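Chemist: Provided herewith: run07.cif, mmCIF, C-alpha atoms.
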data_model
loop_
_atom_site.label_atom_id
_atom_site.label_comp_id
_atom_site.auth_asym_id
_atom_site.auth_seq_id
_atom_site.Cartn_x
_atom_site.Cartn_y
_atom_site.Cartn_z
CA MET A 259 -10.98 4.66 19.51
CA LYS A 260 -9.57 1.86 17.40
CA SER A 261 -7.08 2.77 14.71
CA ILE A 262 -8.26 3.11 11.12
CA LYS A 263 -5.94 1.71 8.49
CA THR A 264 -7.86 0.95 5.33
CA ASP A 265 -10.51 2.73 3.31
CA LYS A 266 -13.03 0.07 4.16
CA GLU A 267 -12.45 0.44 7.86
CA TYR A 268 -12.97 4.16 7.53
CA LYS A 269 -16.22 3.70 5.62
CA ASP A 270 -17.46 1.24 8.24
CA TYR A 271 -16.51 3.69 10.96
CA VAL A 272 -18.42 6.54 9.28
CA LYS A 273 -21.43 4.31 8.68
CA ASP A 274 -21.36 3.27 12.31
CA LYS A 275 -21.42 6.88 13.49
CA GLN A 276 -24.24 8.00 11.21
CA PRO A 277 -27.67 8.17 12.82
CA LYS A 278 -29.74 5.17 11.83
CA GLN A 279 -33.27 5.20 10.49
CA THR A 280 -33.61 8.95 10.90
CA LEU A 281 -36.03 9.10 7.98
CA LEU A 282 -38.41 6.62 9.60
CA LYS A 283 -38.15 8.37 12.97
CA ASN A 284 -38.71 11.80 11.39
CA CYS A 285 -41.74 10.48 9.51
CA ILE A 286 -43.31 9.03 12.66
CA ASN A 287 -42.77 12.34 14.49
CA ALA A 288 -44.17 14.33 11.57
CA PHE A 289 -47.19 12.01 11.40
CA ILE A 290 -48.00 12.26 15.10
CA TRP A 291 -47.47 16.03 15.41
CA GLY A 292 -49.16 16.89 12.12
CA GLY A 293 -52.10 14.62 12.88
CA SER A 294 -52.46 16.02 16.40
CA ILE A 295 -52.49 19.64 15.22
CA CYS A 296 -55.21 18.72 12.72
CA ILE A 297 -57.23 16.99 15.46
CA PHE A 298 -56.93 20.15 17.56
CA GLY A 299 -58.16 22.17 14.55
CA GLN A 300 -61.11 19.80 14.16
CA LEU A 301 -61.97 20.23 17.84
CA LEU A 302 -61.93 24.02 17.43
CA PHE A 303 -64.16 23.66 14.35
CA ASP A 304 -66.67 21.37 16.05
CA MET A 305 -66.76 23.44 19.25
CA SER A 306 -67.31 26.75 17.47
CA LYS A 307 -70.08 25.11 15.43
CA LYS A 308 -71.74 23.72 18.53
CA HIS A 309 -71.22 26.41 21.18
CA LEU A 310 -71.02 29.57 19.06
CA GLU A 311 -73.74 28.27 16.71
CA LEU A 312 -71.84 29.22 13.59
CA ASN A 313 -72.31 27.85 10.09
CA GLU A 314 -69.56 25.75 8.43
CA LYS A 315 -67.88 28.69 6.73
CA ASP A 316 -67.69 30.90 9.85
CA ALA A 317 -66.60 27.97 12.00
CA ALA A 318 -63.75 27.32 9.53
CA THR A 319 -62.75 31.00 9.78
CA VAL A 320 -62.73 30.90 13.60
CA GLN A 321 -60.68 27.70 13.47
CA ILE A 322 -58.02 29.17 11.17
CA ILE A 323 -57.79 32.45 13.11
CA ILE A 324 -57.30 30.66 16.45
CA LEU A 325 -54.69 28.29 14.98
CA ILE A 326 -52.78 31.23 13.49
CA PHE A 327 -52.92 33.07 16.81
CA ILE A 328 -51.57 30.04 18.66
CA GLY A 329 -48.81 29.51 16.09
CA ALA A 330 -47.74 33.16 16.31
CA PHE A 331 -47.90 33.20 20.12
CA LEU A 332 -45.92 29.99 20.59
CA THR A 333 -43.28 31.27 18.16
CA SER A 334 -42.87 34.57 20.01
CA VAL A 335 -42.30 32.82 23.34
CA GLY A 336 -39.85 30.37 21.73
CA ILE A 337 -41.87 27.18 22.19
CA TYR A 338 -42.75 26.55 18.54
CA ASP A 339 -39.12 26.24 17.47
CA LYS A 340 -38.58 23.62 20.18
CA ILE A 341 -41.60 21.68 18.93
CA GLY A 342 -40.23 22.04 15.39
CA LYS A 343 -37.03 20.23 16.34
CA HIS A 344 -39.03 17.07 17.09
CA ALA A 345 -41.96 17.51 14.75
CA GLY A 346 -40.11 18.49 11.54
CA ALA A 347 -42.62 18.79 8.73
CA GLY A 348 -45.38 18.04 11.26
CA SER A 349 -44.98 21.60 12.55
CA ILE A 350 -44.17 23.26 9.19
CA VAL A 351 -47.08 22.06 7.06
CA PRO A 352 -50.07 22.93 9.29
CA ILE A 353 -51.29 26.54 9.21
CA THR A 354 -49.57 27.14 12.58
CA GLY A 355 -46.31 26.68 10.66
CA PHE A 356 -47.39 29.42 8.26
CA ALA A 357 -47.79 31.73 11.29
CA ASN A 358 -44.38 30.58 12.50
CA SER A 359 -42.84 31.41 9.10
CA ILE A 360 -44.13 34.99 9.51
CA VAL A 361 -43.12 35.59 13.13
CA ALA A 362 -39.70 33.89 13.15
CA PRO A 363 -37.95 36.12 10.55
CA ALA A 364 -39.77 39.23 11.86
CA MET A 365 -38.35 38.57 15.34
CA GLU A 366 -34.89 37.94 13.98
CA TYR A 367 -34.74 41.18 12.00
CA LYS A 368 -36.48 43.37 14.59
CA LYS A 369 -33.25 45.25 15.25
CA GLU A 370 -33.35 46.58 11.67
CA GLY A 371 -36.41 48.62 12.59
CA TYR A 372 -40.17 48.31 12.47
CA VAL A 373 -40.58 49.05 8.76
CA MET A 374 -37.61 47.47 6.99
CA GLY A 375 -37.05 44.92 9.76
CA VAL A 376 -40.36 43.58 11.09
CA GLY A 377 -42.63 44.87 8.32
CA ALA A 378 -40.54 43.67 5.40
CA LYS A 379 -39.04 40.45 6.78
CA MET A 380 -42.41 39.12 7.97
CA PHE A 381 -42.98 38.05 4.39
CA SER A 382 -39.57 36.62 3.55
CA LEU A 383 -41.07 33.11 3.81
CA ALA A 384 -44.82 33.76 3.68
CA GLY A 385 -44.47 36.11 0.69
CA PRO A 386 -43.56 33.36 -1.81
CA VAL A 387 -46.52 31.31 -0.56
CA LEU A 388 -48.89 34.19 -1.26
CA VAL A 389 -47.26 34.98 -4.63
CA TYR A 390 -47.45 31.44 -5.99
CA GLY A 391 -50.77 30.60 -4.34
CA THR A 392 -52.52 33.73 -5.62
CA SER A 393 -51.01 33.44 -9.11
CA ALA A 394 -52.00 29.80 -9.38
CA SER A 395 -55.57 30.56 -8.25
CA VAL A 396 -55.95 33.40 -10.77
CA ILE A 397 -54.69 31.15 -13.60
CA VAL A 398 -57.08 28.40 -12.48
CA GLY A 399 -59.91 30.95 -12.38
CA ILE A 400 -59.25 32.13 -15.93
CA ILE A 401 -59.00 28.58 -17.28
CA TYR A 402 -62.16 27.64 -15.36
CA TYR A 403 -63.99 30.64 -16.87
CA PHE A 404 -63.30 29.46 -20.42
CA PHE A 405 -63.66 25.71 -20.00
CA LYS A 406 -66.32 25.22 -17.32
CA MET B 44 -65.09 9.39 16.63
CA VAL B 45 -64.33 7.74 13.30
CA ASP B 46 -64.17 11.26 11.86
CA TYR B 47 -61.33 12.15 14.23
CA ILE B 48 -59.33 9.11 13.15
CA TRP B 49 -59.59 10.24 9.52
CA VAL B 50 -58.59 13.78 10.52
CA PHE B 51 -55.51 12.40 12.26
CA VAL B 52 -54.55 9.98 9.47
CA ILE B 53 -55.01 12.40 6.57
CA GLY B 54 -53.31 15.28 8.39
CA GLY B 55 -50.48 12.95 9.37
CA ILE B 56 -49.98 11.57 5.85
CA ILE B 57 -49.82 15.08 4.37
CA CYS B 58 -47.06 15.95 6.87
CA VAL B 59 -45.19 12.68 6.27
CA ILE B 60 -45.08 13.33 2.51
CA ALA B 61 -43.52 16.74 3.26
CA GLN B 62 -41.02 15.13 5.66
CA ILE B 63 -39.97 12.57 3.03
CA ILE B 64 -39.50 15.32 0.42
CA MET B 65 -37.43 17.37 2.90
CA ASP B 66 -35.23 14.45 3.95
CA THR B 67 -34.59 13.01 0.50
CA THR B 68 -34.14 16.23 -1.49
CA LYS B 69 -32.46 19.55 -0.83
CA LEU B 70 -35.75 21.46 -0.73
CA LEU B 71 -36.16 23.87 2.21
CA PRO B 72 -39.34 24.37 4.26
CA ALA B 73 -40.12 27.48 2.18
CA HIS B 74 -40.08 25.35 -0.98
CA ILE B 75 -42.40 22.81 0.65
CA LEU B 76 -44.88 25.55 1.62
CA VAL B 77 -44.92 26.94 -1.94
CA LEU B 78 -45.15 23.47 -3.49
CA TYR B 79 -48.02 22.51 -1.18
CA VAL B 80 -50.04 25.67 -1.80
CA VAL B 81 -49.73 25.32 -5.58
CA MET B 82 -50.58 21.59 -5.31
CA GLY B 83 -53.64 22.52 -3.25
CA VAL B 84 -54.82 24.94 -5.94
CA LEU B 85 -54.27 22.43 -8.76
CA LEU B 86 -55.77 19.42 -6.95
CA THR B 87 -58.85 21.50 -6.11
CA ALA B 88 -59.15 22.71 -9.70
CA ILE B 89 -59.26 19.14 -11.02
CA GLY B 90 -61.73 18.13 -8.32
CA ILE B 91 -59.62 15.69 -6.29
CA TYR B 92 -58.99 17.74 -3.15
CA PRO B 93 -62.63 18.53 -2.32
CA LYS B 94 -63.15 14.75 -2.01
CA ILE B 95 -60.19 14.50 0.40
CA VAL B 96 -61.60 17.43 2.44
CA LYS B 97 -64.94 15.62 2.73
CA ILE B 98 -63.24 12.64 4.39
CA GLY B 99 -60.37 14.34 6.22
CA GLN B 100 -62.05 17.62 7.22
CA ALA B 101 -59.54 19.58 9.36
CA GLY B 102 -56.93 16.96 8.47
CA ALA B 103 -57.10 18.32 4.93
CA THR B 104 -57.84 22.01 5.60
CA VAL B 105 -55.39 22.75 8.43
CA PRO B 106 -52.25 21.80 6.44
CA ILE B 107 -51.07 24.54 4.09
CA ILE B 108 -52.55 22.61 1.13
CA GLY B 109 -55.89 23.69 2.61
CA PHE B 110 -54.89 27.30 1.95
CA GLY B 111 -54.51 26.43 -1.74
CA TYR B 112 -57.85 24.61 -1.55
CA SER B 113 -59.56 27.75 -0.18
CA LEU B 114 -57.90 29.93 -2.83
CA ALA B 115 -59.07 27.72 -5.69
CA LYS B 116 -62.52 27.11 -4.19
CA GLY B 117 -63.08 30.85 -3.66
CA THR B 118 -61.88 31.63 -7.18
CA MET B 119 -64.14 29.09 -8.86
CA GLU B 120 -67.18 30.11 -6.81
CA ALA B 121 -66.55 33.77 -7.67
CA VAL B 122 -66.14 32.95 -11.38
CA ASP B 123 -69.53 31.22 -11.27
CA LYS B 124 -71.11 34.33 -9.76
CA GLU B 125 -69.24 37.27 -11.28
CA GLY B 126 -67.56 35.92 -14.40
CA ILE B 127 -63.95 36.67 -15.29
CA ILE B 128 -63.56 39.33 -12.54
CA GLY B 129 -64.08 36.54 -10.03
CA ALA B 130 -60.81 34.95 -11.13
CA PHE B 131 -59.03 37.93 -9.57
CA SER B 132 -61.26 38.60 -6.55
CA GLY B 133 -62.38 35.16 -5.41
CA GLY B 134 -59.20 33.60 -4.03
CA ILE B 135 -58.14 36.42 -1.73
CA SER B 136 -61.74 37.10 -0.62
CA MET B 137 -62.09 33.50 0.53
CA THR B 138 -58.79 33.55 2.43
CA ALA B 139 -58.94 37.19 3.61
CA SER B 140 -59.60 36.39 7.28
CA GLY B 141 -56.67 33.97 7.44
CA ILE B 142 -54.29 36.40 5.73
CA SER B 143 -55.39 39.32 7.94
CA ALA B 144 -55.07 37.20 11.08
CA ALA B 145 -51.59 36.08 10.00
CA VAL B 146 -50.49 39.68 9.35
CA VAL B 147 -51.92 41.17 12.57
CA PHE B 148 -51.04 38.35 14.99
CA GLY B 149 -47.67 37.91 13.27
CA TYR B 150 -46.91 41.60 13.70
CA LEU B 151 -48.04 41.72 17.33
CA ALA B 152 -46.18 38.52 18.21
CA SER B 153 -42.94 39.92 16.74
CA ILE B 154 -43.35 43.29 18.47
CA PHE B 155 -43.89 41.78 21.92
CA SER B 156 -41.26 39.06 21.56
CA HIS B 157 -37.78 39.17 23.05
CA SER B 158 -35.36 37.62 20.62
CA LYS B 159 -32.63 36.07 22.76
CA SER B 160 -30.34 34.90 20.00
CA LYS B 161 -29.51 38.27 18.39
CA LYS B 162 -28.35 40.99 20.73
#
Translate the structure of the given file into structure tokens.
Modeler:
Amino acid sequence: MKSIKTDKEYKDYVKDKQPKQTLLKNCINAFIWGGSICIFGQLLFDMSKKHLELNEKDAATVQIIILIFIGAFLTSVGIYDKIGKHAGAGSIVPITGFANSIVAPAMEYKKEGYVMGVGAKMFSLAGPVLVYGTSASVIVGIIYYFFK
Amino acid sequence: MVDYIWVFVIGGIICVIAQIIMDTTKLLPAHILVLYVVMGVLLTAIGIYPKIVKIGQAGATVPIIGFGYSLAKGTMEAVDKEGIIGAFSGGISMTASGISAAVVFGYLASIFSHSKSKK
């Protein structure tokens, strides 16, 4: 390692050591993983429409349930977190990430018991989503009722 | 086939926007999830998101914004049918299967998991 004497040399040294273009790399990973999970969802949707002969609404339900199951399963066996390291937001934003946000804290706090550990901590991340999502939809519904 | 390209592109873009927000601000994944769900509700209420769903299909419904879309869609449909009560019943009715699946599979997955990190 060469010696560092001045401020400028130090700044250059730090800049040199910082990872380059991480934002671009993260975005490409997020794009590919996020897009692929959506493609997989679309395949589930199309297949359940074709082979199970379901209407659009039921096919969408089957699609979401299977994706949530896969997200929960992959989290419990430790694979989803590994994917998350590469995929970043690409694994957080799809509905599989919502399942992950339920299982991950529940697993971590399992030793605190099945009620206050698993039961309560399941919603430490998913809870806020339900609170804000439901509240927003009720407000929208009331406004829609008066102004439609 | 063209449909699948749109699914990929729209799903990808939604994730990239989240990645940019995460990398350039101090917001955590939990904030992103909340922000996206509320955005989904609002964009559906003003009629923009249903158009994106038409093009992007699963690319627009699989991301967590799609959860907000279902909440708002269910609420507005229920208001049309049942009046003001629908504002309270519609959103959760529409998303009930997803929420139940998340609770049950989430619970089972945590019960049968072996957490290696904390022992």
Chemist: Between CA of Val376 (chain A) and CA of Ile295 (chain A), what distance in Å does the model show, to one decimal?
Modeler: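 Spanning CA of Val376 (chain A) to CA of Ile295 (chain A) is a straight-line distance of 27.2 Å.
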Chemist: From the set A:Cys296, A:Pro363, A:Lys340, A:Asn358, which residue has the shortest atom-to-atom contact distance to chain B, counting all atoms listed in the file?
Modeler: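 Closest candidate: A:Cys296.
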Chemist: Which residue out of B:Ile53, B:Ala61, B:Val81, B:Leu151 has the minimum interatomic distance to Gln100 (chain B) when only C-alpha atoms are used?
Modeler: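 Of B:Ile53, B:Ala61, B:Val81, B:Leu151, the one nearest Gln100 (chain B) is B:Ile53, counting only C-alpha atoms.
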Chemist: Neighbouring residues of Gly111 (chain B) were defined as those with any atom within 10 Å, considering all atoms listed in the file; residues of the same chain fewer than 4 positions away were excluded. Please report them as a compact mmCIF listing (two decimals) with C-alpha atoms, keeping the file's coordinate frame.
Modeler:
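Final output, saved to part06.txt:
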# COMPACT_ATOMS: atom_id res chain seq x y z
CA VAL A 387 -46.52 31.31 -0.56
CA LEU A 388 -48.89 34.19 -1.26
CA TYR A 390 -47.45 31.44 -5.99
CA GLY A 391 -50.77 30.60 -4.34
CA THR A 392 -52.52 33.73 -5.62
CA ALA A 394 -52.00 29.80 -9.38
CA SER A 395 -55.57 30.56 -8.25
CA VAL B 77 -44.92 26.94 -1.94
CA LEU B 78 -45.15 23.47 -3.49
CA TYR B 79 -48.02 22.51 -1.18
CA VAL B 80 -50.04 25.67 -1.80
CA VAL B 81 -49.73 25.32 -5.58
CA MET B 82 -50.58 21.59 -5.31
CA GLY B 83 -53.64 22.52 -3.25
CA VAL B 84 -54.82 24.94 -5.94
CA LEU B 85 -54.27 22.43 -8.76
CA LEU B 86 -55.77 19.42 -6.95
CA THR B 87 -58.85 21.50 -6.11
CA ALA B 88 -59.15 22.71 -9.70
CA TYR B 92 -58.99 17.74 -3.15
CA THR B 104 -57.84 22.01 5.60
CA PRO B 106 -52.25 21.80 6.44
CA ILE B 107 -51.07 24.54 4.09
CA ALA B 115 -59.07 27.72 -5.69
CA LYS B 116 -62.52 27.11 -4.19
CA GLY B 117 -63.08 30.85 -3.66
CA GLY B 134 -59.20 33.60 -4.03
CA THR B 138 -58.79 33.55 2.43
Chemist: With 6 Å as the limit and counting all atoms listed in the file, what residues in chain B lie close to chain A? Please list them as a VMD selection string.
Modeler: chain B and resid 51 54 to 55 58 to 59 61 to 62 73 77 80 to 81 101 to 102 105 to 107 114 to 115 118 to 119 130 to 131 141 144 to 145 148 to 149 152 to 153 156
Chemist: Report the distance between CA of Tyr112 (chain B) and CA of Ile135 (chain B) in Å, rounded to one decimal place.
Modeler: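 CA of Tyr112 (chain B) sits 11.8 Å away from CA of Ile135 (chain B).
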Chemist: Name every residue that the PyMOL selection byres ((chain B and resi 45) around 12) selects in this structure, writing the answer as a ChimeraX atom specification with chains first and numbers rising.
Modeler: /A:297 /B:44,46-52,98-100
Chemist: CA of Glu120 (chain B) and CA of Ile56 (chain B), how far apart in Å?
Modeler: 28.3 Å
Chemist: Please write a file for region 62-91 of chain B, taken from the block I just shared, that holds N, CA and C atoms and is laid out as a short mmCIF file (atom, residue, chain, number, x, y, z; two decimals), in the first residue's frame.
Modeler:
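Dumped to result.cif:
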data_model
loop_
_atom_site.label_atom_id
_atom_site.label_comp_id
_atom_site.auth_asym_id
_atom_site.auth_seq_id
_atom_site.Cartn_x
_atom_site.Cartn_y
_atom_site.Cartn_z
N GLN B 62 -35.55 0.10 -6.63
CA GLN B 62 -34.10 -0.01 -6.39
C GLN B 62 -33.46 1.37 -6.35
N ILE B 63 -33.87 2.25 -7.26
CA ILE B 63 -33.29 3.61 -7.29
C ILE B 63 -33.66 4.35 -6.01
N ILE B 64 -34.92 4.22 -5.58
CA ILE B 64 -35.34 4.89 -4.33
C ILE B 64 -34.51 4.36 -3.16
N MET B 65 -34.32 3.03 -3.11
CA MET B 65 -33.57 2.43 -2.00
C MET B 65 -32.11 2.86 -1.99
N ASP B 66 -31.51 2.95 -3.17
CA ASP B 66 -30.08 3.27 -3.24
C ASP B 66 -29.78 4.76 -3.05
N THR B 67 -30.75 5.62 -3.39
CA THR B 67 -30.45 7.05 -3.33
C THR B 67 -31.05 7.72 -2.08
N THR B 68 -31.93 7.02 -1.37
CA THR B 68 -32.46 7.60 -0.13
C THR B 68 -32.19 6.62 1.01
N LYS B 69 -32.61 7.00 2.21
CA LYS B 69 -32.38 6.10 3.34
C LYS B 69 -33.59 5.23 3.62
N LEU B 70 -34.54 5.17 2.70
CA LEU B 70 -35.75 4.38 2.93
C LEU B 70 -35.42 2.88 2.96
N LEU B 71 -36.05 2.16 3.87
CA LEU B 71 -35.85 0.72 4.02
C LEU B 71 -36.88 -0.03 3.16
N PRO B 72 -36.64 -1.34 2.93
CA PRO B 72 -37.63 -2.12 2.17
C PRO B 72 -39.05 -1.98 2.69
N ALA B 73 -39.22 -1.91 4.03
CA ALA B 73 -40.57 -1.77 4.59
C ALA B 73 -41.22 -0.47 4.11
N HIS B 74 -40.43 0.61 4.04
CA HIS B 74 -40.97 1.88 3.54
C HIS B 74 -41.40 1.77 2.09
N ILE B 75 -40.57 1.05 1.30
CA ILE B 75 -40.88 0.87 -0.12
C ILE B 75 -42.21 0.13 -0.28
N LEU B 76 -42.38 -0.95 0.52
CA LEU B 76 -43.62 -1.74 0.42
C LEU B 76 -44.83 -0.86 0.73
N VAL B 77 -44.74 -0.07 1.81
CA VAL B 77 -45.86 0.80 2.19
C VAL B 77 -46.11 1.85 1.11
N LEU B 78 -45.03 2.48 0.66
CA LEU B 78 -45.14 3.51 -0.38
C LEU B 78 -45.80 2.94 -1.64
N TYR B 79 -45.38 1.74 -2.04
CA TYR B 79 -45.90 1.14 -3.26
C TYR B 79 -47.38 0.78 -3.13
N VAL B 80 -47.76 0.23 -1.96
CA VAL B 80 -49.17 -0.14 -1.81
C VAL B 80 -50.05 1.10 -1.87
N VAL B 81 -49.64 2.16 -1.16
CA VAL B 81 -50.44 3.39 -1.16
C VAL B 81 -50.48 4.00 -2.57
N MET B 82 -49.33 3.96 -3.27
CA MET B 82 -49.28 4.45 -4.65
C MET B 82 -50.25 3.65 -5.53
N GLY B 83 -50.26 2.33 -5.32
CA GLY B 83 -51.16 1.47 -6.10
C GLY B 83 -52.61 1.85 -5.90
N VAL B 84 -52.98 2.13 -4.63
CA VAL B 84 -54.36 2.52 -4.34
C VAL B 84 -54.68 3.85 -5.03
N LEU B 85 -53.78 4.82 -4.89
CA LEU B 85 -54.05 6.16 -5.46
C LEU B 85 -54.07 6.14 -6.98
N LEU B 86 -53.09 5.45 -7.60
CA LEU B 86 -53.03 5.41 -9.06
C LEU B 86 -54.25 4.70 -9.65
N THR B 87 -54.77 3.70 -8.90
CA THR B 87 -55.98 3.02 -9.37
C THR B 87 -57.19 3.94 -9.23
N ALA B 88 -57.23 4.69 -8.11
CA ALA B 88 -58.36 5.59 -7.87
C ALA B 88 -58.47 6.65 -8.96
N ILE B 89 -57.33 7.15 -9.46
CA ILE B 89 -57.40 8.18 -10.50
C ILE B 89 -57.41 7.57 -11.91
N GLY B 90 -57.43 6.23 -11.97
CA GLY B 90 -57.66 5.57 -13.26
C GLY B 90 -56.43 5.30 -14.10
N ILE B 91 -55.22 5.57 -13.56
CA ILE B 91 -54.01 5.34 -14.37
C ILE B 91 -53.61 3.87 -14.33
#
